[in-house]
file data36.txt (compact mmCIF, C-alpha atoms and all ligand atoms)
# COMPACT_ATOMS: atom_id res chain seq x y z
CA MET A 1 -63.37 -139.84 158.88
CA ASN A 2 -62.06 -138.45 155.61
CA VAL A 3 -63.29 -140.75 152.81
CA LEU A 4 -61.83 -140.08 149.36
CA THR A 5 -63.46 -141.65 146.35
CA THR A 6 -61.67 -140.22 143.30
CA LYS A 7 -58.09 -140.21 142.06
CA GLY A 8 -58.33 -136.40 141.93
CA ASP A 9 -59.13 -136.34 145.69
CA VAL A 10 -56.05 -138.47 146.36
CA LEU A 11 -53.76 -136.26 144.26
CA GLN A 12 -54.93 -133.18 146.16
CA PHE A 13 -54.54 -134.92 149.52
CA ARG A 14 -51.09 -136.14 148.49
CA SER A 15 -49.80 -132.72 147.49
CA LYS A 16 -50.90 -131.26 150.86
CA LEU A 17 -48.99 -134.00 152.68
CA LYS A 18 -45.90 -133.26 150.64
CA GLU A 19 -46.02 -129.63 151.77
CA ASN A 20 -46.23 -130.85 155.40
CA LYS A 21 -43.47 -133.41 154.78
CA ALA A 22 -45.49 -136.07 156.63
CA ASP A 23 -44.77 -139.77 156.11
CA LEU A 24 -47.69 -141.73 154.69
CA GLY A 25 -48.36 -145.43 155.34
CA LEU A 26 -50.76 -147.35 153.09
CA VAL A 27 -52.82 -150.37 154.11
CA PRO A 28 -54.43 -151.79 150.96
CA THR A 29 -57.57 -153.86 151.69
CA MET A 30 -60.66 -155.22 150.01
CA GLY A 31 -62.80 -154.17 152.98
CA ALA A 32 -64.70 -156.53 155.32
CA LEU A 33 -62.13 -155.41 157.87
CA HIS A 34 -61.26 -157.67 160.78
CA GLU A 35 -58.75 -157.61 163.62
CA GLY A 36 -55.97 -158.71 161.25
CA HIS A 37 -56.49 -155.58 159.12
CA LEU A 38 -56.75 -153.41 162.22
CA GLU A 39 -53.35 -154.70 163.35
CA LEU A 40 -51.89 -153.62 160.00
CA VAL A 41 -53.44 -150.18 160.48
CA ARG A 42 -52.12 -149.94 164.07
CA ARG A 43 -48.62 -150.79 162.86
CA ALA A 44 -48.92 -148.25 160.03
CA CYS A 45 -50.10 -145.64 162.57
CA ALA A 46 -47.11 -146.36 164.80
CA GLU A 47 -44.64 -145.90 161.93
CA ASN A 48 -46.16 -143.00 159.94
CA GLU A 49 -47.71 -139.61 160.73
CA VAL A 50 -50.61 -140.25 158.36
CA VAL A 51 -52.24 -143.51 157.23
CA MET A 52 -54.38 -144.29 154.23
CA VAL A 53 -56.53 -147.42 154.12
CA SER A 54 -57.75 -148.32 150.66
CA VAL A 55 -61.00 -150.28 150.47
CA PHE A 56 -61.51 -151.67 147.00
CA VAL A 57 -62.80 -155.10 145.95
CA ASN A 58 -60.60 -155.58 142.92
CA PRO A 59 -62.49 -157.48 140.20
CA THR A 60 -59.43 -158.44 138.15
CA GLN A 61 -57.97 -160.65 140.89
CA PHE A 62 -61.05 -162.89 141.06
CA ASN A 63 -60.85 -165.79 138.63
CA ASN A 64 -64.24 -167.06 139.84
CA PRO A 65 -67.25 -164.71 139.31
CA ASP A 66 -69.20 -166.36 142.20
CA ASP A 67 -66.31 -165.63 144.54
CA LEU A 68 -66.42 -161.94 143.55
CA GLU A 69 -70.21 -161.87 143.86
CA ASN A 70 -70.12 -163.40 147.37
CA TYR A 71 -67.18 -161.36 148.66
CA PRO A 72 -68.38 -159.89 151.99
CA GLY A 73 -68.21 -156.28 153.08
CA SER A 74 -69.81 -153.00 154.05
CA LEU A 75 -67.97 -149.69 153.93
CA ASP A 76 -70.03 -148.27 156.82
CA GLU A 77 -69.00 -151.13 159.10
CA ASP A 78 -65.37 -150.72 158.01
CA LEU A 79 -65.43 -147.01 158.80
CA GLU A 80 -66.88 -147.71 162.27
CA LYS A 81 -64.01 -150.09 162.99
CA LEU A 82 -61.38 -147.64 161.75
CA LYS A 83 -62.89 -144.88 163.90
CA THR A 84 -62.00 -146.91 167.02
CA LEU A 85 -58.28 -146.41 166.26
CA SER A 86 -56.91 -143.12 167.45
CA CYS A 87 -54.67 -141.91 164.65
CA ASP A 88 -54.80 -139.83 161.49
CA ILE A 89 -56.53 -142.30 159.12
CA HIS A 90 -57.90 -141.46 155.68
CA VAL A 91 -59.86 -143.92 153.57
CA PHE A 92 -59.69 -144.29 149.80
CA ALA A 93 -62.79 -146.14 148.57
CA PRO A 94 -63.10 -145.70 144.80
CA ASP A 95 -65.55 -147.55 142.59
CA VAL A 96 -64.48 -149.90 139.81
CA SER A 97 -64.80 -147.34 137.01
CA GLU A 98 -62.66 -144.85 138.96
CA MET A 99 -59.81 -147.37 139.14
CA TYR A 100 -60.21 -149.05 135.73
CA GLY A 101 -62.21 -146.72 133.51
CA SER A 102 -64.08 -148.79 130.92
CA ASP A 103 -61.35 -151.44 130.51
CA ILE A 104 -61.59 -153.78 133.49
CA SER A 105 -58.56 -155.90 132.74
CA ALA A 106 -55.24 -156.77 134.33
CA ARG A 107 -51.72 -156.04 133.14
CA HIS A 108 -49.49 -159.06 132.52
CA TYR A 109 -46.41 -159.49 134.66
CA ASP A 110 -43.46 -161.84 134.73
CA PHE A 111 -43.06 -162.66 138.41
CA LYS A 112 -40.26 -165.17 137.76
CA GLY A 113 -42.32 -168.29 138.47
CA MET A 114 -43.60 -167.02 141.83
CA ASP A 115 -47.05 -166.57 140.36
CA THR A 116 -47.44 -169.98 138.72
CA VAL A 117 -47.31 -172.08 141.89
CA MET A 118 -49.87 -172.58 144.69
CA GLU A 119 -52.43 -169.73 144.54
CA GLY A 120 -51.25 -168.86 141.05
CA ALA A 121 -51.73 -172.45 139.83
CA PHE A 122 -55.24 -172.72 141.26
CA ARG A 123 -56.38 -169.15 140.56
CA PRO A 124 -55.09 -168.35 137.07
CA GLY A 125 -54.58 -164.63 136.50
CA HIS A 126 -55.02 -163.83 140.20
CA PHE A 127 -51.58 -162.29 140.67
CA ASP A 128 -51.80 -160.24 137.48
CA GLY A 129 -54.95 -158.73 139.02
CA VAL A 130 -53.26 -158.15 142.37
CA GLY A 131 -50.18 -156.67 140.66
CA THR A 132 -52.33 -154.34 138.55
CA ILE A 133 -54.26 -152.86 141.45
CA VAL A 134 -51.31 -152.67 143.84
CA GLU A 135 -49.16 -150.95 141.20
CA SER A 136 -52.00 -148.46 140.53
CA LEU A 137 -52.55 -147.75 144.23
CA LEU A 138 -48.85 -147.30 144.96
CA GLY A 139 -48.42 -145.04 141.91
CA LEU A 140 -51.37 -142.89 142.89
CA ILE A 141 -50.98 -142.73 146.69
CA ARG A 142 -47.16 -142.80 146.76
CA PRO A 143 -46.81 -143.98 150.39
CA GLN A 144 -43.42 -144.27 152.07
CA ARG A 145 -44.49 -147.64 153.46
CA ALA A 146 -47.16 -150.23 152.54
CA TYR A 147 -48.36 -152.95 154.91
CA PHE A 148 -49.29 -156.51 153.93
CA GLY A 149 -50.22 -159.49 156.09
CA GLU A 150 -48.25 -162.72 155.95
CA LYS A 151 -51.48 -164.70 155.70
CA ASP A 152 -51.20 -163.97 151.98
CA TYR A 153 -47.51 -164.75 152.05
CA GLN A 154 -47.27 -165.55 148.34
CA GLN A 155 -48.95 -162.23 147.55
CA LEU A 156 -46.49 -160.46 149.86
CA GLN A 157 -43.47 -161.95 148.06
CA ILE A 158 -44.97 -161.13 144.66
CA ILE A 159 -45.61 -157.53 145.70
CA ARG A 160 -41.99 -157.25 146.83
CA GLN A 161 -40.98 -158.56 143.41
CA LEU A 162 -43.38 -156.11 141.71
CA THR A 163 -41.97 -153.07 143.50
CA HIS A 164 -38.44 -154.23 142.73
CA GLN A 165 -39.20 -154.86 139.03
CA GLN A 166 -41.16 -151.63 138.55
CA LYS A 167 -38.72 -149.63 140.72
CA ILE A 168 -41.53 -148.31 142.92
CA PRO A 169 -40.02 -146.33 145.82
CA VAL A 170 -41.88 -147.84 148.77
CA GLU A 171 -40.94 -149.98 151.74
CA ILE A 172 -43.03 -153.15 151.88
CA ILE A 173 -43.70 -154.07 155.51
CA PRO A 174 -44.68 -157.68 156.22
CA CYS A 175 -46.94 -158.19 159.25
CA PRO A 176 -47.49 -161.47 161.13
CA ILE A 177 -50.67 -163.51 160.75
CA ILE A 178 -53.31 -162.71 163.37
CA ARG A 179 -55.20 -165.81 164.52
CA GLU A 180 -58.44 -166.62 166.30
CA PRO A 181 -58.07 -168.43 169.66
CA ASP A 182 -58.41 -171.84 167.90
CA GLY A 183 -55.64 -170.91 165.44
CA LEU A 184 -57.79 -170.01 162.41
CA ALA A 185 -55.99 -167.25 160.49
CA MET A 186 -58.16 -164.14 160.41
CA SER A 187 -59.68 -163.55 156.99
CA SER A 188 -62.66 -161.71 155.56
CA ARG A 189 -63.86 -165.05 154.18
CA ASN A 190 -64.20 -166.56 157.67
CA ARG A 191 -67.50 -164.76 158.12
CA LEU A 192 -68.90 -166.87 155.25
CA LEU A 193 -68.45 -170.06 157.33
CA PRO A 194 -71.64 -171.46 158.84
CA LYS A 195 -71.35 -171.99 162.62
CA ARG A 196 -71.19 -175.80 162.41
CA LEU A 197 -68.20 -175.57 160.02
CA ARG A 198 -66.53 -172.67 161.81
CA LYS A 199 -66.00 -175.09 164.74
CA GLU A 200 -63.84 -177.29 162.49
CA ALA A 201 -61.68 -174.53 161.03
CA GLY A 202 -58.92 -174.57 163.67
CA PHE A 203 -57.89 -177.95 162.22
CA ILE A 204 -55.89 -176.19 159.48
CA PHE A 205 -53.45 -174.48 161.83
CA GLN A 206 -53.35 -177.42 164.26
CA THR A 207 -52.32 -179.72 161.41
CA LEU A 208 -49.75 -177.22 160.10
CA GLN A 209 -48.23 -177.06 163.58
CA LYS A 210 -47.92 -180.86 163.69
CA GLY A 211 -46.29 -180.68 160.26
CA LYS A 212 -43.83 -178.11 161.58
CA THR A 213 -42.81 -180.43 164.42
CA LEU A 214 -42.25 -183.28 161.94
CA PHE A 215 -40.21 -181.01 159.64
CA GLY A 216 -37.44 -181.00 162.28
CA THR A 217 -36.63 -184.65 161.57
CA LYS A 218 -38.47 -185.74 158.43
CA SER A 219 -38.24 -184.97 154.73
CA ALA A 220 -40.49 -182.32 153.15
CA SER A 221 -42.40 -185.01 151.26
CA SER A 222 -43.16 -187.01 154.42
CA VAL A 223 -44.49 -183.82 156.02
CA THR A 224 -46.77 -183.05 153.07
CA ASP A 225 -47.88 -186.73 152.98
CA PHE A 226 -48.76 -186.51 156.67
CA ILE A 227 -50.79 -183.31 156.18
CA ARG A 228 -52.51 -184.65 153.06
CA GLY A 229 -53.46 -187.81 154.96
CA ALA A 230 -54.87 -185.82 157.88
CA PHE A 231 -57.09 -183.82 155.49
CA GLU A 232 -58.20 -186.95 153.64
CA ASP A 233 -59.39 -188.37 156.97
CA HIS A 234 -61.29 -185.21 157.89
CA PRO A 235 -65.01 -185.39 157.12
CA TYR A 236 -65.54 -181.72 156.20
CA PHE A 237 -62.39 -180.48 154.51
CA LYS A 238 -61.38 -180.84 150.88
CA LEU A 239 -57.68 -180.13 150.48
CA GLU A 240 -56.69 -178.17 147.37
CA TYR A 241 -52.94 -178.10 147.90
CA ILE A 242 -50.26 -178.50 150.52
CA GLU A 243 -46.83 -177.35 149.48
CA ILE A 244 -43.52 -176.84 151.24
CA ALA A 245 -41.65 -174.08 149.47
CA ASP A 246 -38.61 -171.85 149.78
CA SER A 247 -39.74 -168.72 151.68
CA GLU A 248 -37.87 -166.41 149.28
CA THR A 249 -38.50 -167.90 145.84
CA LEU A 250 -41.72 -169.81 146.66
CA GLN A 251 -40.41 -172.75 144.64
CA PRO A 252 -41.40 -176.19 145.98
CA VAL A 253 -38.61 -177.87 147.90
CA SER A 254 -37.43 -181.35 147.07
CA ARG A 255 -34.44 -181.57 149.41
CA LYS A 256 -34.05 -179.42 152.53
CA ARG A 257 -30.95 -177.26 152.75
CA ASN A 258 -29.55 -175.87 155.99
CA ASN A 259 -29.14 -172.29 154.79
CA LYS A 260 -32.71 -171.95 153.43
CA LYS A 261 -35.95 -170.89 155.07
CA TYR A 262 -39.06 -172.90 154.29
CA ARG A 263 -42.80 -172.48 154.75
CA ALA A 264 -45.74 -174.81 154.39
CA PHE A 265 -48.60 -173.38 152.34
CA ILE A 266 -52.11 -174.77 152.27
CA ALA A 267 -55.47 -174.14 150.61
CA ALA A 268 -58.56 -176.14 151.55
CA TYR A 269 -62.30 -175.91 151.17
CA LEU A 270 -64.44 -176.10 154.27
CA GLY A 271 -67.91 -176.49 152.78
CA GLU A 272 -68.08 -173.82 150.08
CA VAL A 273 -65.48 -171.56 151.67
CA ARG A 274 -61.90 -171.62 150.44
CA LEU A 275 -59.36 -170.96 153.20
CA ILE A 276 -55.60 -170.46 152.93
CA ASP A 277 -52.88 -170.45 155.54
CA ASN A 278 -49.13 -170.88 155.88
CA ILE A 279 -46.51 -171.44 158.57
CA ALA A 280 -42.77 -170.86 158.85
CA LEU A 281 -41.11 -174.27 159.30
CA ASN A 282 -37.59 -173.27 160.36
O1 LIG A 301 -54.88 -158.79 150.22
C1 LIG A 301 -55.82 -158.14 149.75
O2 LIG A 301 -56.79 -157.79 150.42
C2 LIG A 301 -55.79 -157.78 148.28
O3 LIG A 301 -55.23 -158.80 147.52
C3 LIG A 301 -55.11 -156.44 147.99
C4 LIG A 301 -53.64 -156.48 148.36
C5 LIG A 301 -55.79 -155.33 148.77
C6 LIG A 301 -55.20 -156.10 146.50
O4 LIG A 301 -56.52 -156.02 146.08
call {"tool": "encode", "arguments": {"input": "data36.txt", "output": "structure tokens", "more": "lines below"}}
Ligand code: PAF
result
Amino acid sequence: MNVLTTKGDVLQFRSKLKENKADLGLVPTMGALHEGHLELVRRACAENEVVMVSVFVNPTQFNNPDDLENYPGSLDEDLEKLKTLSCDIHVFAPDVSEMYGSDISARHYDFKGMDTVMEGAFRPGHFDGVGTIVESLLGLIRPQRAYFGEKDYQQLQIIRQLTHQQKIPVEIIPCPIIREPDGLAMSSRNRLLPKRLRKEAGFIFQTLQKGKTLFGTKSASSVTDFIRGAFEDHPYFKLEYIEIADSETLQPVSRKRNNKKYRAFIAAYLGEVRLIDNIALN
């Protein structure tokens, strides 16, 4: 597999592609690839002649140094997984100094309030870090399409906003959440769960599904009260937030409107591991 590590490598690779007029799809990742990532890559392969997977643990999007320190991953394992897919995949795996030079800091963006709620409220600066690296990757790699999972739905909406604001010519392709058989949304962090806690993790999606059923007849606040109560009664989870928000603007809903789409968003700790998930409600 072709593994590029410098921006110069990417520029060379990119100019060759331009000569061949091949469409390029980008799947940005932080490594520790799982089936959810592989689905993004498969989709990118189906829609583009050439695919680039970036593997870069971006320090500026971690507001907690322990979280960065413990972030799982091994490039060799990731490459093995990518090799099982039969399409023209190239990997960009730079180190931190290649992407940031000596100034490891994030740009500041105005994401119109989308970045101050939910993940943004509990992880200050997180979306400035995401915006900084995604803008750099898109500017360097210049894909026709870039693929993002709906598990990080808030991130997906913010990246759409970023490409709109910065006029970056790329199509952002949202891809559905891939779940384990018990409903747990696939995530690199799942591998940090000890076995005894992993057994409990399906509770998040099961509770969101019950909330979705209630949303048909009840107010948003009774749905969030129900979910909050269920987590309070659970012996292993510590709920961080449950929010029902407009799927477009991500602003919390107070009164449901017929012409709007809503999602429930959740973050909870299971032991030391922070998990997030979301579900479309209508
Ligand atoms: O979703 C992720 O893995 C990361 O936030 C991303 C988009 C690769 C940016 O570092």
call {"tool": "residues_around", "arguments": {"input": "data36.txt", "residues": "region 276-281 of chain A", "least_positions_apart": "3", "cutoff": "6 Å", "atoms": "all atoms listed in the file", "output": "list of chain:residue names"}}
result
A:Lys151, A:Lys212, A:Tyr262, A:Arg263, A:Ala264, A:Phe265, A:Ile266, A:Ala267
call {"tool": "write_last_selection", "arguments": {"input": "data36.txt", "atoms": "C-alpha atoms", "output": "CSV table (one decimal), in the coordinates of the input"}}
result
chain,number,residue,atom,x,y,z
A,151,LYS,CA,-51.5,-164.7,155.7
A,212,LYS,CA,-43.8,-178.1,161.6
A,262,TYR,CA,-39.1,-172.9,154.3
A,263,ARG,CA,-42.8,-172.5,154.8
A,264,ALA,CA,-45.7,-174.8,154.4
A,265,PHE,CA,-48.6,-173.4,152.3
A,266,ILE,CA,-52.1,-174.8,152.3
A,267,ALA,CA,-55.5,-174.1,150.6
call {"tool": "residues_around", "arguments": {"input": "data36.txt", "residues": "region 195-211 of chain A", "least_positions_apart": "6", "cutoff": "8 Å", "atoms": "only C-alpha atoms", "output": "mmCIF file with C-alpha atoms, keeping the file's coordinate frame"}}
result
data_model
loop_
_atom_site.group_PDB
_atom_site.id
_atom_site.type_symbol
_atom_site.label_atom_id
_atom_site.label_comp_id
_atom_site.auth_asym_id
_atom_site.auth_seq_id
_atom_site.Cartn_x
_atom_site.Cartn_y
_atom_site.Cartn_z
ATOM 1 C CA ASP A 182 -58.410 -171.840 167.900
ATOM 2 C CA GLY A 183 -55.640 -170.910 165.440
ATOM 3 C CA LEU A 184 -57.790 -170.010 162.410
ATOM 4 C CA ALA A 185 -55.990 -167.250 160.490
ATOM 5 C CA VAL A 223 -44.490 -183.820 156.020
ATOM 6 C CA THR A 224 -46.770 -183.050 153.070
ATOM 7 C CA PHE A 226 -48.760 -186.510 156.670
ATOM 8 C CA ILE A 227 -50.790 -183.310 156.180
ATOM 9 C CA ALA A 230 -54.870 -185.820 157.880
ATOM 10 C CA TYR A 236 -65.540 -181.720 156.200
ATOM 11 C CA ALA A 264 -45.740 -174.810 154.390
ATOM 12 C CA LEU A 270 -64.440 -176.100 154.270
ATOM 13 C CA GLY A 271 -67.910 -176.490 152.780
ATOM 14 C CA ASP A 277 -52.880 -170.450 155.540
ATOM 15 C CA ASN A 278 -49.130 -170.880 155.880
ATOM 16 C CA ILE A 279 -46.510 -171.440 158.570
#
call {"tool": "residues_near_ligand", "arguments": {"input": "data36.txt", "ligand": "ligand LIG 301 (chain A)", "cutoff": "10 Å", "atoms": "all atoms listed in the file", "output": "number ranges by chain"}}
result
A: 27-33, 37, 53-62, 126-127, 129-135, 137, 146-153, 155-156, 159, 187-188
call {"tool": "closest_residue", "arguments": {"input": "data36.txt", "among": "A:Lys218, A:Arg274, A:Arg142, A:His234", "to": "Leu17 (chain A)", "atoms": "all atoms listed in the file"}}
result
A:Arg142
call {"tool": "atom_distance", "arguments": {"input": "data36.txt", "atom1": "CA of Val10 (chain A)", "atom2": "CA of Val51 (chain A)"}}
result
12.6 Å
call {"tool": "atom_distance", "arguments": {"input": "data36.txt", "atom1": "CA of Leu38 (chain A)", "atom2": "CA of Cys87 (chain A)"}}
result
11.9 Å
call {"tool": "closest_residue", "arguments": {"input": "data36.txt", "among": "A:Arg14, A:Glu171, A:Glu35, A:Val96", "to": "Lys81 (chain A)", "atoms": "all atoms listed in the file"}}
result
A:Glu35
call {"tool": "atom_distance", "arguments": {"input": "data36.txt", "atom1": "CA of Pro174 (chain A)", "atom2": "CA of Tyr109 (chain A)"}}
result
21.7 Å
call {"tool": "closest_residue", "arguments": {"input": "data36.txt", "among": "A:Thr249, A:Pro143, A:Cys175, A:Val41", "to": "Asp115 (chain A)", "atoms": "all atoms listed in the file"}}
result
A:Thr249
call {"tool": "closest_residue", "arguments": {"input": "data36.txt", "among": "A:Thr5, A:Asn48, A:Gln166, A:Asn258", "to": "Leu26 (chain A)", "atoms": "only C-alpha atoms"}}
result
A:Asn48
call {"tool": "build_atoms", "arguments": {"input": "data36.txt", "residues": "region 4-15 of chain A", "atoms": "all heavy atoms", "output": "PDB file, in the frame of the given file"}}
result
ATOM      1  N   LEU A   4     -62.084-140.566 150.719  1.00  0.00           N
ATOM      2  CA  LEU A   4     -61.830-140.080 149.360  1.00  0.00           C
ATOM      3  C   LEU A   4     -62.343-141.126 148.380  1.00  0.00           C
ATOM      4  O   LEU A   4     -62.210-142.329 148.631  1.00  0.00           O
ATOM      5  CB  LEU A   4     -60.334-139.870 149.144  1.00  0.00           C
ATOM      6  CG  LEU A   4     -59.572-139.116 150.247  1.00  0.00           C
ATOM      7  CD1 LEU A   4     -58.089-139.055 149.920  1.00  0.00           C
ATOM      8  CD2 LEU A   4     -60.115-137.719 150.406  1.00  0.00           C
ATOM      9  N   THR A   5     -62.921-140.657 147.281  1.00  0.00           N
ATOM     10  CA  THR A   5     -63.460-141.650 146.350  1.00  0.00           C
ATOM     11  C   THR A   5     -62.889-141.501 144.930  1.00  0.00           C
ATOM     12  O   THR A   5     -63.104-142.370 144.094  1.00  0.00           O
ATOM     13  CB  THR A   5     -65.008-141.567 146.272  1.00  0.00           C
ATOM     14  OG1 THR A   5     -65.350-140.224 145.931  1.00  0.00           O
ATOM     15  CG2 THR A   5     -65.658-141.950 147.588  1.00  0.00           C
ATOM     16  N   THR A   6     -62.199-140.392 144.665  1.00  0.00           N
ATOM     17  CA  THR A   6     -61.670-140.220 143.300  1.00  0.00           C
ATOM     18  C   THR A   6     -60.141-140.077 143.332  1.00  0.00           C
ATOM     19  O   THR A   6     -59.553-139.714 144.354  1.00  0.00           O
ATOM     20  CB  THR A   6     -62.251-138.959 142.624  1.00  0.00           C
ATOM     21  OG1 THR A   6     -61.728-137.815 143.298  1.00  0.00           O
ATOM     22  CG2 THR A   6     -63.770-138.947 142.654  1.00  0.00           C
ATOM     23  N   LYS A   7     -59.555-140.363 142.163  1.00  0.00           N
ATOM     24  CA  LYS A   7     -58.090-140.210 142.060  1.00  0.00           C
ATOM     25  C   LYS A   7     -57.710-138.745 142.258  1.00  0.00           C
ATOM     26  O   LYS A   7     -56.676-138.436 142.835  1.00  0.00           O
ATOM     27  CB  LYS A   7     -57.626-140.683 140.686  1.00  0.00           C
ATOM     28  CG  LYS A   7     -57.759-142.181 140.499  1.00  0.00           C
ATOM     29  CD  LYS A   7     -57.283-142.553 139.111  1.00  0.00           C
ATOM     30  CE  LYS A   7     -57.358-144.054 138.910  1.00  0.00           C
ATOM     31  NZ  LYS A   7     -57.054-144.453 137.540  1.00  0.00           N
ATOM     32  N   GLY A   8     -58.586-137.844 141.771  1.00  0.00           N
ATOM     33  CA  GLY A   8     -58.330-136.400 141.930  1.00  0.00           C
ATOM     34  C   GLY A   8     -58.229-136.040 143.408  1.00  0.00           C
ATOM     35  O   GLY A   8     -57.336-135.279 143.816  1.00  0.00           O
ATOM     36  N   ASP A   9     -59.171-136.594 144.235  1.00  0.00           N
ATOM     37  CA  ASP A   9     -59.130-136.340 145.690  1.00  0.00           C
ATOM     38  C   ASP A   9     -57.775-136.764 146.254  1.00  0.00           C
ATOM     39  O   ASP A   9     -57.178-136.070 147.074  1.00  0.00           O
ATOM     40  CB  ASP A   9     -60.167-137.201 146.446  1.00  0.00           C
ATOM     41  CG  ASP A   9     -61.597-136.799 146.163  1.00  0.00           C
ATOM     42  OD1 ASP A   9     -61.814-135.696 145.656  1.00  0.00           O
ATOM     43  OD2 ASP A   9     -62.508-137.622 146.465  1.00  0.00           O
ATOM     44  N   VAL A  10     -57.307-137.938 145.808  1.00  0.00           N
ATOM     45  CA  VAL A  10     -56.050-138.470 146.360  1.00  0.00           C
ATOM     46  C   VAL A  10     -54.876-137.564 145.959  1.00  0.00           C
ATOM     47  O   VAL A  10     -54.004-137.271 146.774  1.00  0.00           O
ATOM     48  CB  VAL A  10     -55.793-139.924 145.891  1.00  0.00           C
ATOM     49  CG1 VAL A  10     -54.437-140.426 146.374  1.00  0.00           C
ATOM     50  CG2 VAL A  10     -56.897-140.846 146.389  1.00  0.00           C
ATOM     51  N   LEU A  11     -54.877-137.108 144.715  1.00  0.00           N
ATOM     52  CA  LEU A  11     -53.760-136.260 144.260  1.00  0.00           C
ATOM     53  C   LEU A  11     -53.693-134.976 145.087  1.00  0.00           C
ATOM     54  O   LEU A  11     -52.615-134.540 145.495  1.00  0.00           O
ATOM     55  CB  LEU A  11     -53.919-135.933 142.773  1.00  0.00           C
ATOM     56  CG  LEU A  11     -53.725-137.130 141.824  1.00  0.00           C
ATOM     57  CD1 LEU A  11     -53.952-136.727 140.376  1.00  0.00           C
ATOM     58  CD2 LEU A  11     -52.346-137.761 141.999  1.00  0.00           C
ATOM     59  N   GLN A  12     -54.881-134.409 145.358  1.00  0.00           N
ATOM     60  CA  GLN A  12     -54.930-133.180 146.160  1.00  0.00           C
ATOM     61  C   GLN A  12     -54.412-133.428 147.574  1.00  0.00           C
ATOM     62  O   GLN A  12     -53.573-132.682 148.099  1.00  0.00           O
ATOM     63  CB  GLN A  12     -56.383-132.724 146.275  1.00  0.00           C
ATOM     64  CG  GLN A  12     -56.609-131.378 145.669  1.00  0.00           C
ATOM     65  CD  GLN A  12     -58.066-130.982 145.838  1.00  0.00           C
ATOM     66  OE1 GLN A  12     -58.868-131.707 146.421  1.00  0.00           O
ATOM     67  NE2 GLN A  12     -58.401-129.817 145.334  1.00  0.00           N
ATOM     68  N   PHE A  13     -54.928-134.523 148.165  1.00  0.00           N
ATOM     69  CA  PHE A  13     -54.540-134.920 149.520  1.00  0.00           C
ATOM     70  C   PHE A  13     -53.022-135.142 149.583  1.00  0.00           C
ATOM     71  O   PHE A  13     -52.340-134.698 150.494  1.00  0.00           O
ATOM     72  CB  PHE A  13     -55.308-136.204 149.850  1.00  0.00           C
ATOM     73  CG  PHE A  13     -54.786-136.973 151.012  1.00  0.00           C
ATOM     74  CD1 PHE A  13     -55.158-136.632 152.303  1.00  0.00           C
ATOM     75  CD2 PHE A  13     -53.955-138.063 150.823  1.00  0.00           C
ATOM     76  CE1 PHE A  13     -54.685-137.352 153.386  1.00  0.00           C
ATOM     77  CE2 PHE A  13     -53.479-138.791 151.895  1.00  0.00           C
ATOM     78  CZ  PHE A  13     -53.840-138.435 153.179  1.00  0.00           C
ATOM     79  N   ARG A  14     -52.505-135.796 148.528  1.00  0.00           N
ATOM     80  CA  ARG A  14     -51.090-136.140 148.490  1.00  0.00           C
ATOM     81  C   ARG A  14     -50.206-134.885 148.416  1.00  0.00           C
ATOM     82  O   ARG A  14     -49.162-134.799 149.048  1.00  0.00           O
ATOM     83  CB  ARG A  14     -50.839-137.046 147.269  1.00  0.00           C
ATOM     84  CG  ARG A  14     -49.566-137.825 147.320  1.00  0.00           C
ATOM     85  CD  ARG A  14     -49.613-138.788 148.460  1.00  0.00           C
ATOM     86  NE  ARG A  14     -48.315-139.309 148.848  1.00  0.00           N
ATOM     87  CZ  ARG A  14     -47.417-138.716 149.631  1.00  0.00           C
ATOM     88  NH1 ARG A  14     -47.622-137.486 150.075  1.00  0.00           N
ATOM     89  NH2 ARG A  14     -46.300-139.319 149.975  1.00  0.00           N
ATOM     90  N   SER A  15     -50.667-133.894 147.640  1.00  0.00           N
ATOM     91  CA  SER A  15     -49.800-132.720 147.490  1.00  0.00           C
ATOM     92  C   SER A  15     -49.780-131.914 148.795  1.00  0.00           C
ATOM     93  O   SER A  15     -48.762-131.325 149.142  1.00  0.00           O
ATOM     94  CB  SER A  15     -50.189-131.865 146.279  1.00  0.00           C
ATOM     95  OG  SER A  15     -51.493-131.430 146.418  1.00  0.00           O
TER      96      SER A  15
END
